[in-house]
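Reviewing the structure listed below.
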Amino acid sequence: MPKPLFTRLAAICAVGLFCVLFGCVYALSQKDTILLVMSLLLGVCCIIRFLLLYQAVKAENYRVLEGICVKREKSPLTRNQQVLFRTSDGKEYRFSLEKHTRLLAGHSYRLYFKKENRLEEKAGDLLHTPALIGYEELTEVSAEE
């Protein structure tokens with residue numbers, strides 16, 4: 001299992017567990033049934049999200065793009081940024097990703113996307129918000145002797 005996907009699964013578990021524990025303890029101490037029900041529903045949603053992502057990772061139902069981030073442009077009034085990404089075979093992809101995705105121009109990355117046919121069919125075209133699952137920066141390790 002790739003490290004970024006494992007990290008994402010662990011984060012979903014941690015958030016769900018924290019919300020359920022904190023929400024249930026506080027709701028029981030204050031005798032607040034609405035908060036108790038909402039905390040339990042949030043926990044169920046986190047479990048469902050975890051299971052769906054785990055199933056996709058286990059079945060390797062994701063695409064991997066490896067290459068260099070050529071350009072990154074932040075849109076001033078939106079929550080998105082435009083990313084130009086070039087793979088090693090020379091194909092260029094343009095993505096519209098959320099601003100919190102920290103890709104730096106000139107750095108090599110491995111991107112993990114949910115499997116979509118559009119990703120291969122429209123290489124070079126602008127893909128609006130592809131389902132990015134995770135990413136990792138690739139660093140070249142030099143052999144020291």
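Residue numbering restarts at 1 in every chain; chains get A, B, ... in the order shown in the structure tokens, and ligands count up from 1 in that same order.
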Mind the document's chain letters and residue numbers, and return as a PyMOL selection string the residues of segment 20-138 of chain A that DSSP labels strand (DSSP E or B). chain A and resi 62-74+80-87+92-98+108-114+126-128+132-137
Non-local contacts of Glu66 of chain A (6 Å; only C-alpha atoms; under 4 positions in same chain excluded) as number ranges by chain: A: 87, 109-110
Since we have the selection now, will you write its residues out, keeping all heavy atoms, as a compact mmCIF listing (two decimals), in the first residue's frame?
```txt
# COMPACT_ATOMS: atom_id res chain seq x y z
N THR A 87 4.50 14.19 -17.55
CA THR A 87 5.01 12.86 -17.21
C THR A 87 6.34 12.63 -17.93
O THR A 87 6.73 13.42 -18.79
CB THR A 87 4.00 11.77 -17.60
OG1 THR A 87 3.76 11.84 -19.01
CG2 THR A 87 2.69 11.92 -16.85
N TYR A 109 6.72 14.48 -8.65
CA TYR A 109 5.66 13.95 -7.78
C TYR A 109 5.10 12.67 -8.34
O TYR A 109 5.19 12.39 -9.53
CB TYR A 109 4.51 14.97 -7.66
CG TYR A 109 4.88 16.20 -6.90
CD1 TYR A 109 5.27 17.36 -7.56
CD2 TYR A 109 4.86 16.23 -5.52
CE1 TYR A 109 5.61 18.50 -6.87
CE2 TYR A 109 5.20 17.36 -4.81
CZ TYR A 109 5.57 18.49 -5.49
OH TYR A 109 5.92 19.62 -4.80
N ARG A 110 4.49 11.92 -7.46
CA ARG A 110 3.67 10.77 -7.83
C ARG A 110 2.27 11.09 -7.34
O ARG A 110 2.04 11.27 -6.14
CB ARG A 110 4.19 9.50 -7.17
CG ARG A 110 3.43 8.25 -7.60
CD ARG A 110 4.02 6.99 -7.01
NE ARG A 110 5.37 6.76 -7.54
CZ ARG A 110 6.43 6.45 -6.79
NH1 ARG A 110 6.30 6.34 -5.49
NH2 ARG A 110 7.59 6.24 -7.34
```
Have a look at atom CA of Leu97 of chain A and atom CA of Val44 of chain A and let me know their distance in Å, one decimal.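 Result for atom CA of Leu97 of chain A versus atom CA of Val44 of chain A: 27.5 Å, one decimal.
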When you look at Leu104 of chain A with a cut-off of 12 Å (counting only C-alpha atoms), what residues show up, excluding the ones that are within fewer than 4 positions of it in the same chain? I need them as an NGL selection string. :A and (68-74 or 81-85 or 99-100 or 108-109 or 136-138)
Of the candidates A:Gly16, A:Gly67, A:Pro2, A:Gly23, which shows the shortest atom-to-atom distance to Thr139 of chain A, using only C-alpha atoms?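 The shortest atom-to-atom distance to Thr139 of chain A comes from A:Gly67.
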Suppose you want the space between atom CA of Lys58 of chain A and atom CA of Lys114 of chain A; what is it in Å? 12.7 Å
Excluding same-chain residues fewer than 5 positions from segment 28-39 of chain A, what lies within 12 Å of it counting only C-alpha atoms, as a PyMOL selection string? chain A and resi 15-23+44-46
Residues of the last selection are to be written out with all heavy atoms, as a PDB file, in the first residue's frame.
```
ATOM      1  N   VAL A  15      -9.799  11.005  12.600  1.00  0.00           N
ATOM      2  CA  VAL A  15     -10.834  12.042  12.685  1.00  0.00           C
ATOM      3  C   VAL A  15     -12.160  11.438  13.128  1.00  0.00           C
ATOM      4  O   VAL A  15     -12.851  11.988  14.007  1.00  0.00           O
ATOM      5  CB  VAL A  15     -10.983  12.768  11.327  1.00  0.00           C
ATOM      6  CG1 VAL A  15     -12.236  13.618  11.284  1.00  0.00           C
ATOM      7  CG2 VAL A  15      -9.752  13.617  11.059  1.00  0.00           C
ATOM      8  N   GLY A  16     -12.526  10.315  12.541  1.00  0.00           N
ATOM      9  CA  GLY A  16     -13.781   9.668  12.922  1.00  0.00           C
ATOM     10  C   GLY A  16     -13.796   9.235  14.375  1.00  0.00           C
ATOM     11  O   GLY A  16     -14.766   9.471  15.098  1.00  0.00           O
ATOM     12  N   LEU A  17     -12.712   8.626  14.813  1.00  0.00           N
ATOM     13  CA  LEU A  17     -12.621   8.169  16.195  1.00  0.00           C
ATOM     14  C   LEU A  17     -12.665   9.339  17.182  1.00  0.00           C
ATOM     15  O   LEU A  17     -13.372   9.294  18.188  1.00  0.00           O
ATOM     16  CB  LEU A  17     -11.347   7.352  16.398  1.00  0.00           C
ATOM     17  CG  LEU A  17     -11.155   6.737  17.777  1.00  0.00           C
ATOM     18  CD1 LEU A  17     -12.245   5.708  18.042  1.00  0.00           C
ATOM     19  CD2 LEU A  17      -9.784   6.107  17.887  1.00  0.00           C
ATOM     20  N   PHE A  18     -11.921  10.401  16.873  1.00  0.00           N
ATOM     21  CA  PHE A  18     -11.902  11.563  17.751  1.00  0.00           C
ATOM     22  C   PHE A  18     -13.290  12.202  17.850  1.00  0.00           C
ATOM     23  O   PHE A  18     -13.750  12.534  18.950  1.00  0.00           O
ATOM     24  CB  PHE A  18     -10.888  12.603  17.247  1.00  0.00           C
ATOM     25  CG  PHE A  18     -10.896  13.865  18.044  1.00  0.00           C
ATOM     26  CD1 PHE A  18     -10.307  13.922  19.293  1.00  0.00           C
ATOM     27  CD2 PHE A  18     -11.507  15.007  17.543  1.00  0.00           C
ATOM     28  CE1 PHE A  18     -10.318  15.087  20.027  1.00  0.00           C
ATOM     29  CE2 PHE A  18     -11.524  16.180  18.264  1.00  0.00           C
ATOM     30  CZ  PHE A  18     -10.932  16.218  19.514  1.00  0.00           C
ATOM     31  N   CYS A  19     -13.954  12.372  16.711  1.00  0.00           N
ATOM     32  CA  CYS A  19     -15.281  12.997  16.724  1.00  0.00           C
ATOM     33  C   CYS A  19     -16.292  12.151  17.483  1.00  0.00           C
ATOM     34  O   CYS A  19     -17.106  12.684  18.243  1.00  0.00           O
ATOM     35  CB  CYS A  19     -15.763  13.239  15.299  1.00  0.00           C
ATOM     36  SG  CYS A  19     -14.873  14.537  14.446  1.00  0.00           S
ATOM     37  N   VAL A  20     -16.237  10.844  17.291  1.00  0.00           N
ATOM     38  CA  VAL A  20     -17.182   9.964  17.992  1.00  0.00           C
ATOM     39  C   VAL A  20     -16.908   9.971  19.492  1.00  0.00           C
ATOM     40  O   VAL A  20     -17.826  10.138  20.302  1.00  0.00           O
ATOM     41  CB  VAL A  20     -17.124   8.531  17.421  1.00  0.00           C
ATOM     42  CG1 VAL A  20     -17.864   7.557  18.311  1.00  0.00           C
ATOM     43  CG2 VAL A  20     -17.707   8.506  16.021  1.00  0.00           C
ATOM     44  N   LEU A  21     -15.649   9.802  19.869  1.00  0.00           N
ATOM     45  CA  LEU A  21     -15.327   9.771  21.305  1.00  0.00           C
ATOM     46  C   LEU A  21     -15.646  11.096  21.991  1.00  0.00           C
ATOM     47  O   LEU A  21     -16.329  11.124  23.014  1.00  0.00           O
ATOM     48  CB  LEU A  21     -13.861   9.414  21.516  1.00  0.00           C
ATOM     49  CG  LEU A  21     -13.501   7.951  21.276  1.00  0.00           C
ATOM     50  CD1 LEU A  21     -12.000   7.747  21.456  1.00  0.00           C
ATOM     51  CD2 LEU A  21     -14.267   7.050  22.204  1.00  0.00           C
ATOM     52  N   PHE A  22     -15.142  12.183  21.431  1.00  0.00           N
ATOM     53  CA  PHE A  22     -15.371  13.490  22.052  1.00  0.00           C
ATOM     54  C   PHE A  22     -16.852  13.836  22.060  1.00  0.00           C
ATOM     55  O   PHE A  22     -17.391  14.280  23.081  1.00  0.00           O
ATOM     56  CB  PHE A  22     -14.581  14.571  21.315  1.00  0.00           C
ATOM     57  CG  PHE A  22     -14.762  15.936  21.895  1.00  0.00           C
ATOM     58  CD1 PHE A  22     -14.131  16.292  23.075  1.00  0.00           C
ATOM     59  CD2 PHE A  22     -15.588  16.859  21.276  1.00  0.00           C
ATOM     60  CE1 PHE A  22     -14.310  17.547  23.623  1.00  0.00           C
ATOM     61  CE2 PHE A  22     -15.773  18.117  21.814  1.00  0.00           C
ATOM     62  CZ  PHE A  22     -15.137  18.473  22.997  1.00  0.00           C
ATOM     63  N   GLY A  23     -17.521  13.612  20.913  1.00  0.00           N
ATOM     64  CA  GLY A  23     -18.941  13.948  20.814  1.00  0.00           C
ATOM     65  C   GLY A  23     -19.798  13.117  21.750  1.00  0.00           C
ATOM     66  O   GLY A  23     -20.704  13.634  22.412  1.00  0.00           O
ATOM     67  N   VAL A  44     -20.306   6.814  11.596  1.00  0.00           N
ATOM     68  CA  VAL A  44     -20.745   5.882  10.558  1.00  0.00           C
ATOM     69  C   VAL A  44     -20.284   6.374   9.183  1.00  0.00           C
ATOM     70  O   VAL A  44     -19.808   5.585   8.360  1.00  0.00           O
ATOM     71  CB  VAL A  44     -22.282   5.701  10.603  1.00  0.00           C
ATOM     72  CG1 VAL A  44     -22.795   4.974   9.372  1.00  0.00           C
ATOM     73  CG2 VAL A  44     -22.683   4.981  11.864  1.00  0.00           C
ATOM     74  N   CYS A  45     -20.400   7.677   8.947  1.00  0.00           N
ATOM     75  CA  CYS A  45     -19.937   8.234   7.664  1.00  0.00           C
ATOM     76  C   CYS A  45     -18.426   8.047   7.490  1.00  0.00           C
ATOM     77  O   CYS A  45     -17.960   7.738   6.385  1.00  0.00           O
ATOM     78  CB  CYS A  45     -20.302   9.707   7.555  1.00  0.00           C
ATOM     79  SG  CYS A  45     -22.067   9.995   7.367  1.00  0.00           S
ATOM     80  N   CYS A  46     -17.667   8.222   8.552  1.00  0.00           N
ATOM     81  CA  CYS A  46     -16.212   8.016   8.480  1.00  0.00           C
ATOM     82  C   CYS A  46     -15.880   6.552   8.213  1.00  0.00           C
ATOM     83  O   CYS A  46     -14.961   6.247   7.456  1.00  0.00           O
ATOM     84  CB  CYS A  46     -15.530   8.494   9.756  1.00  0.00           C
ATOM     85  SG  CYS A  46     -15.403  10.287   9.863  1.00  0.00           S
TER      86      CYS A  46
END
```
Using atom CA of Arg63 of chain A and atom CA of Arg79 of chain A as the two end points, give the distance in Å to one decimal.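 Distance reported for this atom pair: 24.2 Å.
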Considering only C-alpha atoms, can you say which of A:Leu53, A:Leu111, A:Leu65, A:Gly106 comes closest to Asp89 of chain A?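 Checking each candidate against Asp89 of chain A, we get A:Leu65 as the closest.
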Nearest to Pro4 of chain A: which of A:Ser96, A:Leu52, A:Ile47, A:Val64 is it, counting only C-alpha atoms?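 Selected residue with least distance to Pro4 of chain A: A:Val64.
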Find the residues around Ala56 of chain A up to 12 Å (only C-alpha atoms counted), leave out those fewer than 2 positions away in its own chain, and share them as a VMD selection string. chain A and resid 1 5 to 6 9 49 to 54 58 to 63 112 to 115 133
Taking the DSSP assignment computed from this structure's backbone, write out as a count of residues only all residues of chain A that belong to alpha helix (DSSP H). 58
Select, from A:His107, A:Ala131, A:Ala14, A:Thr78, the residue with the minimum atom-to-atom distance to Phe95 of chain A, counting only C-alpha atoms.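 Closest to Phe95 of chain A of all the choices is A:Ala131.
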